[in-house]
Every structure is written in structure tokens, then in C-alpha cells.
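Q: Input: one structure, supplied below.
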Amino acid sequence: MLGIFKKKTVNLMMPIEGQVISIEAVPDPAFSQKMLGDGFAIKPNSGNVYSPVSGKIVQRFPTNHAIGIESTEGLEVLIHFGINTVELNGEGFKNHVEVGDYIEAGDLLLTVDIDYVKDHEKSLITPIVFTKSDQIKKIVVDYSDFEANQKCGRVDMH
Amino acid sequence: MKKVVIKSEHGIHARPASQIVNYAQKSPCEIFFIKDDNRYNAKSIMNIMGMGLKKGDEIFIEVTGEEKESVEEALLKLIESINA
């Protein structure tokens with residue numbers, strides 16, 4: 001019976017080497033106004049994208065710029081590499097996972113040619129969004145620089 | 001059920017999905033999108049982005065609940081207004 005009152009906390013591993021910034025600083029109102037949900041964002045130094053949590057791939061947009069994960073705890077996480085990168089039609093994005101794949105935190109999900117993205121005048125800023133708002137009690141992230149796969153924060157779930 | 005064809009150049013990616021889901025979440029109705037016999041909950045960002053809708057795709061909108069017709073109409077207009 002105590003199980004139902006147990007607090008669920010999901011640790012977040014840094015999915016891309018770079019700097020953690022506020023979701024409100026993302027240069028796209030759909031994200032900065034949290035239309036897709038609350039979260040944080042990354043200024044990437046690299047195009048290697050690893051899973052921030054362990055779980056299952058639940059969504060992969062055909063152009064490979066956005067991947068959805070459901071963590072083992074049930075937390076929904078959307079990684080959206082860059083801003084307006086849908087317009088690149090998948091060029092510069094190499095995907096390594098399929099919907100239904102089970103993944104561990106730290107598994108490589110996506111490789112992005114960041115020079116190609118920059119050459120096409122798209123921002124690399126990558127929102128990480130928790131898309132089911134009723135799951136979220138508290139999001140704690142450290143707004144600093146991280147290597148990939150270092151712990152950068154946590155989400156407390158209801 | 002209403003049929004609608006996706007007209008937006010880049011399909012239903014993050015921004016349009018958020019517009020649809022934000023509308024759907026405010027509605028007391030149950031709203032599902034149907035494509036190739038699969039049903040997707042229009043109140044879920046992951047579900048709607050996971051449809052991977054591209055320009056030219058055809059979907060059906062299934063609404064259950066009060067004022068179902070006005071919700072269907074509003075969704076049709078919303079989806080048709082999405083151009084980018």
C-alpha cells in the first residue's frame with residue numbers, strides 16, 4: 001500500500017554536450033511559452049544526442065529532428081534538436097533508434113551534422129520537454145555546462 | 001467522423017501539434033485522430049507528433065461528447081489553417 005505514495009524521481013542525464021539553459025530562452029514561442037510542456041533547453045557543442053533517461057522510444061518524427069521517450073517511470077520526454085529544423089527534411093540527421101526500442105540512459109539516439117544545421121541558419125538550441133504536464137511535480141536542472149551523460153537534473157513526478 | 005487532408009508544408013511537427021493538442025485539452029470531448037486504422041489521442045503531444053503526419057496525408061477526426069459538431073468544425077478549421 002505504501003507503494004502508491006512512493007515519490008517517483010527521474011534523474012536526467014545530459015543528452016548533448018553543452019550548456020543547460022532555460023526553456024524560456026528558446027527562440028521559438030511554441031517552446032518558450034511551454035505550449036509543448038515545461039522543461040529545459042541545451043546549447044549544444046556537439047551533434048551526438050544520447051538518451052537522458054532509460055525507457056522506450058515512443059515517437060520519432062519522419063525528419064528525425066524530434067524523438068519521444070517514455071521513461072521506465074512513465075515520464076514522457078521529447079527531445080527536439082534545433083529550432084525550425086523540421087525544414088531541413090531530415091538532411092543532416094542520422095537516427096539510431098526506432099519506435100518501440102528499449103534504451104538505457106546514455107544510449108546514442110541521433111547524430112546531427114551541426115555544421116549543416118548552422119549553414120542553413122537554424123538555431124541548434126535543443127528543447128527537452130516533458131510533454132505530459134500532469135505528471136510533473138517539480139523540475140530541477142542545473143543551468144551550467146556539462147559533458148554528455150553527466151547528471152544535469154531531475155524530475156519529481158506526481 | 002470528419003475527414004481532413006494535411007496541407008501544411010512540413011506536416012504536423014512540434015508547433016502545429018502543440019496548437020492541436022492545446023485546443024483538444026481545453027475541450028471536454030474525447031478527441032481521436034485516425035490514420036490507417038490506428039487511433040491517436042489528440043490530447044497527447046507524443047501521440048500527435050508520433051503520427052508523423054506529412055503534407056497530403058488524410059486523417060479522420062473522431063469526437064465524442066457534448067457539442068461534438070462545433071468541436072469537429074473548430075478542429076477542421078484549425079488543421080486547415082496550419083500552413084507552416
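Naming scheme: A, B, ... for chains in displayed order of the C-alpha cells; residues 1 onward per chain; ligands 1 onward as shown.
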Near B:Glu9, within 12 Å and counting only C-alpha atoms, which residues show up once chain neighbours fewer than 3 positions away are dropped, as a VMD selection string?

A: (chain A and resid 86 to 89) or (chain B and resid 5 to 6 12 to 13 16 53 to 57 80 to 84)

Q: Please write the residues from the selection above to a file, keeping N, CA and C atoms, as an mmCIF file, in the first residue's frame.

A:
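Contents of part-v2.cif, freshly written:
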data_model
loop_
_atom_site.group_PDB
_atom_site.id
_atom_site.type_symbol
_atom_site.label_atom_id
_atom_site.label_comp_id
_atom_site.auth_asym_id
_atom_site.auth_seq_id
_atom_site.Cartn_x
_atom_site.Cartn_y
_atom_site.Cartn_z
ATOM 1 N N VAL A 86 12.724 21.127 -38.674
ATOM 2 C CA VAL A 86 11.813 20.316 -39.499
ATOM 3 C C VAL A 86 11.993 20.688 -40.976
ATOM 4 N N GLU A 87 12.372 21.972 -41.200
ATOM 5 C CA GLU A 87 12.520 22.471 -42.579
ATOM 6 C C GLU A 87 13.710 21.852 -43.307
ATOM 7 N N LEU A 88 14.592 21.183 -42.583
ATOM 8 C CA LEU A 88 15.746 20.544 -43.225
ATOM 9 C C LEU A 88 15.377 19.175 -43.811
ATOM 10 N N ASN A 89 14.147 18.750 -43.575
ATOM 11 C CA ASN A 89 13.627 17.499 -44.162
ATOM 12 C C ASN A 89 14.502 16.274 -43.905
ATOM 13 N N VAL B 5 -7.452 16.649 -44.869
ATOM 14 C CA VAL B 5 -6.172 16.408 -45.537
ATOM 15 C C VAL B 5 -5.168 17.428 -45.002
ATOM 16 N N ILE B 6 -3.995 16.933 -44.652
ATOM 17 C CA ILE B 6 -2.948 17.818 -44.115
ATOM 18 C C ILE B 6 -2.357 18.647 -45.254
ATOM 19 N N ILE B 12 2.613 17.804 -39.539
ATOM 20 C CA ILE B 12 2.229 18.188 -38.175
ATOM 21 C C ILE B 12 3.412 17.902 -37.262
ATOM 22 N N HIS B 13 4.339 18.872 -37.210
ATOM 23 C CA HIS B 13 5.530 18.758 -36.361
ATOM 24 C C HIS B 13 5.220 19.441 -35.030
ATOM 25 N N PRO B 16 2.668 22.888 -34.864
ATOM 26 C CA PRO B 16 1.257 22.591 -35.126
ATOM 27 C C PRO B 16 0.668 21.547 -34.180
ATOM 28 N N LEU B 53 2.602 13.014 -39.339
ATOM 29 C CA LEU B 53 1.774 13.443 -40.472
ATOM 30 C C LEU B 53 2.547 14.341 -41.431
ATOM 31 N N LYS B 54 2.429 14.002 -42.707
ATOM 32 C CA LYS B 54 3.089 14.762 -43.760
ATOM 33 C C LYS B 54 2.030 15.441 -44.629
ATOM 34 N N LYS B 55 2.495 16.407 -45.401
ATOM 35 C CA LYS B 55 1.602 17.085 -46.336
ATOM 36 C C LYS B 55 0.933 16.037 -47.242
ATOM 37 N N GLY B 56 -0.366 16.164 -47.401
ATOM 38 C CA GLY B 56 -1.100 15.243 -48.277
ATOM 39 C C GLY B 56 -1.710 14.060 -47.551
ATOM 40 N N ASP B 57 -1.281 13.806 -46.311
ATOM 41 C CA ASP B 57 -1.861 12.697 -45.539
ATOM 42 C C ASP B 57 -3.331 12.996 -45.237
ATOM 43 N N GLU B 80 -6.769 23.065 -41.071
ATOM 44 C CA GLU B 80 -6.637 23.667 -42.401
ATOM 45 C C GLU B 80 -5.889 24.993 -42.372
ATOM 46 N N SER B 81 -5.880 25.642 -41.203
ATOM 47 C CA SER B 81 -5.190 26.937 -41.106
ATOM 48 C C SER B 81 -3.682 26.772 -40.899
ATOM 49 N N ILE B 82 -3.244 25.551 -40.618
ATOM 50 C CA ILE B 82 -1.820 25.328 -40.362
ATOM 51 C C ILE B 82 -1.082 25.213 -41.693
ATOM 52 N N ASN B 83 -0.215 26.176 -41.936
ATOM 53 C CA ASN B 83 0.451 26.199 -43.242
ATOM 54 C C ASN B 83 1.951 26.033 -43.175
ATOM 55 N N ALA B 84 2.505 26.082 -41.987
ATOM 56 C CA ALA B 84 3.966 26.035 -41.929
ATOM 57 C C ALA B 84 4.436 24.869 -41.086
#

Q: Could you list, with a cut-off of 10 Å and counting only C-alpha atoms, the residues of chain A near chain B, each shown with its nearest atom pair and the distance in Å rounded to one decimal, rows sorted by chain and ascending number, as a Markdown table?

A:
| residue | atom | partner | partner_atom | distance |
| --- | --- | --- | --- | --- |
| A:Asp28 | CA | B:Arg15 | CA | 9.0 |
| A:Pro29 | CA | B:Arg15 | CA | 8.9 |
| A:Ala30 | CA | B:Arg15 | CA | 5.7 |
| A:Phe31 | CA | B:Arg15 | CA | 8.3 |
| A:Lys34 | CA | B:Ser18 | CA | 9.3 |
| A:Met35 | CA | B:Ser18 | CA | 5.8 |
| A:Leu36 | CA | B:Ser18 | CA | 5.5 |
| A:Gly37 | CA | B:Ser18 | CA | 9.0 |
| A:Val58 | CA | B:Gly50 | CA | 7.3 |
| A:Gln59 | CA | B:Gly50 | CA | 4.7 |
| A:Arg60 | CA | B:Gly50 | CA | 6.2 |
| A:Phe61 | CA | B:Gly52 | CA | 5.3 |
| A:Pro62 | CA | B:Gly52 | CA | 5.9 |
| A:Thr63 | CA | B:Gly52 | CA | 8.8 |
| A:His65 | CA | B:His13 | CA | 9.7 |
| A:Ala66 | CA | B:Ala14 | CA | 8.2 |
| A:Ile67 | CA | B:Gly50 | CA | 9.0 |
| A:Gly68 | CA | B:Met46 | CA | 6.6 |
| A:Ile69 | CA | B:Met46 | CA | 8.8 |
| A:Glu70 | CA | B:Met46 | CA | 9.5 |
| A:Glu76 | CA | B:Met46 | CA | 8.0 |
| A:Val77 | CA | B:Met46 | CA | 8.8 |
| A:Leu78 | CA | B:Met46 | CA | 7.8 |
| A:His80 | CA | B:Ala14 | CA | 8.2 |
| A:Asn84 | CA | B:Arg15 | CA | 9.3 |
| A:Val86 | CA | B:His10 | CA | 6.7 |
| A:Glu87 | CA | B:His10 | CA | 6.7 |
| A:Leu88 | CA | B:His10 | CA | 9.5 |
| A:Asn89 | CA | B:His10 | CA | 8.0 |
| A:Val99 | CA | B:Gly50 | CA | 9.0 |
| A:Phe130 | CA | B:Ile45 | CA | 9.9 |
| A:Thr131 | CA | B:Ile45 | CA | 6.3 |
| A:Lys132 | CA | B:Ser44 | CA | 7.5 |

Q: Restricting it to C-alpha atoms, dump the selection as an mmCIF file, in the first residue's frame.

A:
data_model
loop_
_atom_site.group_PDB
_atom_site.id
_atom_site.type_symbol
_atom_site.label_atom_id
_atom_site.label_comp_id
_atom_site.auth_asym_id
_atom_site.auth_seq_id
_atom_site.Cartn_x
_atom_site.Cartn_y
_atom_site.Cartn_z
ATOM 1 C CA ASP A 28 10.520 29.711 -30.594
ATOM 2 C CA PRO A 29 7.345 30.680 -28.713
ATOM 3 C CA ALA A 30 5.903 27.161 -29.033
ATOM 4 C CA PHE A 31 8.671 26.114 -26.635
ATOM 5 C CA LYS A 34 5.640 25.979 -22.841
ATOM 6 C CA MET A 35 2.979 25.111 -25.421
ATOM 7 C CA LEU A 36 4.514 21.643 -25.617
ATOM 8 C CA GLY A 37 5.189 21.420 -21.900
ATOM 9 C CA VAL A 58 7.561 6.226 -28.353
ATOM 10 C CA GLN A 59 7.865 8.773 -31.107
ATOM 11 C CA ARG A 60 10.232 9.615 -33.915
ATOM 12 C CA PHE A 61 9.291 12.294 -36.370
ATOM 13 C CA PRO A 62 9.928 11.294 -40.031
ATOM 14 C CA THR A 63 12.558 14.040 -40.399
ATOM 15 C CA HIS A 65 14.782 16.017 -35.604
ATOM 16 C CA ALA A 66 12.437 15.052 -32.747
ATOM 17 C CA ILE A 67 12.402 11.928 -30.612
ATOM 18 C CA GLY A 68 9.966 10.990 -27.852
ATOM 19 C CA ILE A 69 10.832 8.706 -24.959
ATOM 20 C CA GLU A 70 8.738 7.212 -22.197
ATOM 21 C CA GLU A 76 7.321 11.472 -21.266
ATOM 22 C CA VAL A 77 10.375 13.270 -22.655
ATOM 23 C CA LEU A 78 10.583 14.991 -26.024
ATOM 24 C CA HIS A 80 13.644 18.472 -30.269
ATOM 25 C CA ASN A 84 12.749 25.049 -37.240
ATOM 26 C CA VAL A 86 11.813 20.316 -39.499
ATOM 27 C CA GLU A 87 12.520 22.471 -42.579
ATOM 28 C CA LEU A 88 15.746 20.544 -43.225
ATOM 29 C CA ASN A 89 13.627 17.499 -44.162
ATOM 30 C CA VAL A 99 9.772 3.377 -32.124
ATOM 31 C CA PHE A 130 8.162 16.905 -20.511
ATOM 32 C CA THR A 131 5.017 16.632 -22.589
ATOM 33 C CA LYS A 132 2.575 15.279 -20.003
#

Q: Write out as a ChimeraX atom specification which residues come within 10 Å of B:Asp37 when counting only C-alpha atoms, dropping same-chain ones fewer than 3 positions away.

A: /B:33-34,40,59-60

Q: Please extract the residues of stretch 34-63 of chain B with a backbone DSSP assignment of strand (DSSP E) and present them as number ranges by chain.

A: B: 34-35, 38-41, 58-63

Q: Go ahead and write the selection's residues with N, CA and C atoms as a PDB file, in the first residue's frame.

A:
ATOM      1  N   ILE B  34      -7.574   9.464 -36.521  1.00  0.00           N
ATOM      2  CA  ILE B  34      -7.449   8.099 -37.024  1.00  0.00           C
ATOM      3  C   ILE B  34      -6.714   8.119 -38.353  1.00  0.00           C
ATOM      4  N   LYS B  35      -5.679   7.291 -38.414  1.00  0.00           N
ATOM      5  CA  LYS B  35      -4.931   7.148 -39.658  1.00  0.00           C
ATOM      6  C   LYS B  35      -4.567   5.681 -39.821  1.00  0.00           C
ATOM      7  N   ASN B  38      -5.306   3.233 -37.117  1.00  0.00           N
ATOM      8  CA  ASN B  38      -4.750   3.472 -35.781  1.00  0.00           C
ATOM      9  C   ASN B  38      -5.377   4.729 -35.191  1.00  0.00           C
ATOM     10  N   ARG B  39      -5.662   4.696 -33.888  1.00  0.00           N
ATOM     11  CA  ARG B  39      -6.266   5.839 -33.210  1.00  0.00           C
ATOM     12  C   ARG B  39      -5.222   6.535 -32.345  1.00  0.00           C
ATOM     13  N   TYR B  40      -5.219   7.849 -32.412  1.00  0.00           N
ATOM     14  CA  TYR B  40      -4.244   8.651 -31.668  1.00  0.00           C
ATOM     15  C   TYR B  40      -4.996   9.692 -30.847  1.00  0.00           C
ATOM     16  N   ASN B  41      -4.647   9.802 -29.581  1.00  0.00           N
ATOM     17  CA  ASN B  41      -5.303  10.748 -28.685  1.00  0.00           C
ATOM     18  C   ASN B  41      -4.856  12.181 -28.997  1.00  0.00           C
ATOM     19  N   GLU B  58      -4.107  11.925 -45.188  1.00  0.00           N
ATOM     20  CA  GLU B  58      -5.533  12.037 -44.929  1.00  0.00           C
ATOM     21  C   GLU B  58      -5.840  11.405 -43.580  1.00  0.00           C
ATOM     22  N   ILE B  59      -6.543  12.135 -42.733  1.00  0.00           N
ATOM     23  CA  ILE B  59      -6.894  11.559 -41.427  1.00  0.00           C
ATOM     24  C   ILE B  59      -8.380  11.761 -41.157  1.00  0.00           C
ATOM     25  N   PHE B  60      -8.881  11.018 -40.186  1.00  0.00           N
ATOM     26  CA  PHE B  60     -10.248  11.205 -39.728  1.00  0.00           C
ATOM     27  C   PHE B  60     -10.216  11.719 -38.299  1.00  0.00           C
ATOM     28  N   ILE B  61     -11.171  12.598 -37.992  1.00  0.00           N
ATOM     29  CA  ILE B  61     -11.285  13.131 -36.640  1.00  0.00           C
ATOM     30  C   ILE B  61     -12.519  12.518 -35.996  1.00  0.00           C
ATOM     31  N   GLU B  62     -12.319  11.932 -34.830  1.00  0.00           N
ATOM     32  CA  GLU B  62     -13.436  11.302 -34.121  1.00  0.00           C
ATOM     33  C   GLU B  62     -13.630  12.020 -32.796  1.00  0.00           C
ATOM     34  N   VAL B  63     -14.792  12.649 -32.650  1.00  0.00           N
ATOM     35  CA  VAL B  63     -15.070  13.407 -31.422  1.00  0.00           C
ATOM     36  C   VAL B  63     -16.265  12.764 -30.720  1.00  0.00           C
TER      37      VAL B  63
END

Q: Counting only C-alpha atoms, which residue out of A:Pro127, A:Gly92, A:Gly153, A:Gly100 sits closest to A:Val53?

A: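 With only C-alpha atoms as the atom set, the closest residue is A:Gly153.
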
Q: Just give me the gap between atom CA of A:Asp115 and atom CA of A:Thr85 in Å, one decimal is fine.

A: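 Atom CA of A:Thr85 lies at a distance of 12.9 Å from atom CA of A:Asp115.
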
Q: Within 9 Å of A:Lys7, counting only C-alpha atoms, which residues show up once you throw out same-chain ones fewer than 6 positions away? Write them as number ranges by chain, please.

A: A: 156-158

Q: To one decimal place in Å, what is the distance between atom CA of A:Asp142 and atom CA of A:Ile42?

A: 11.3 Å
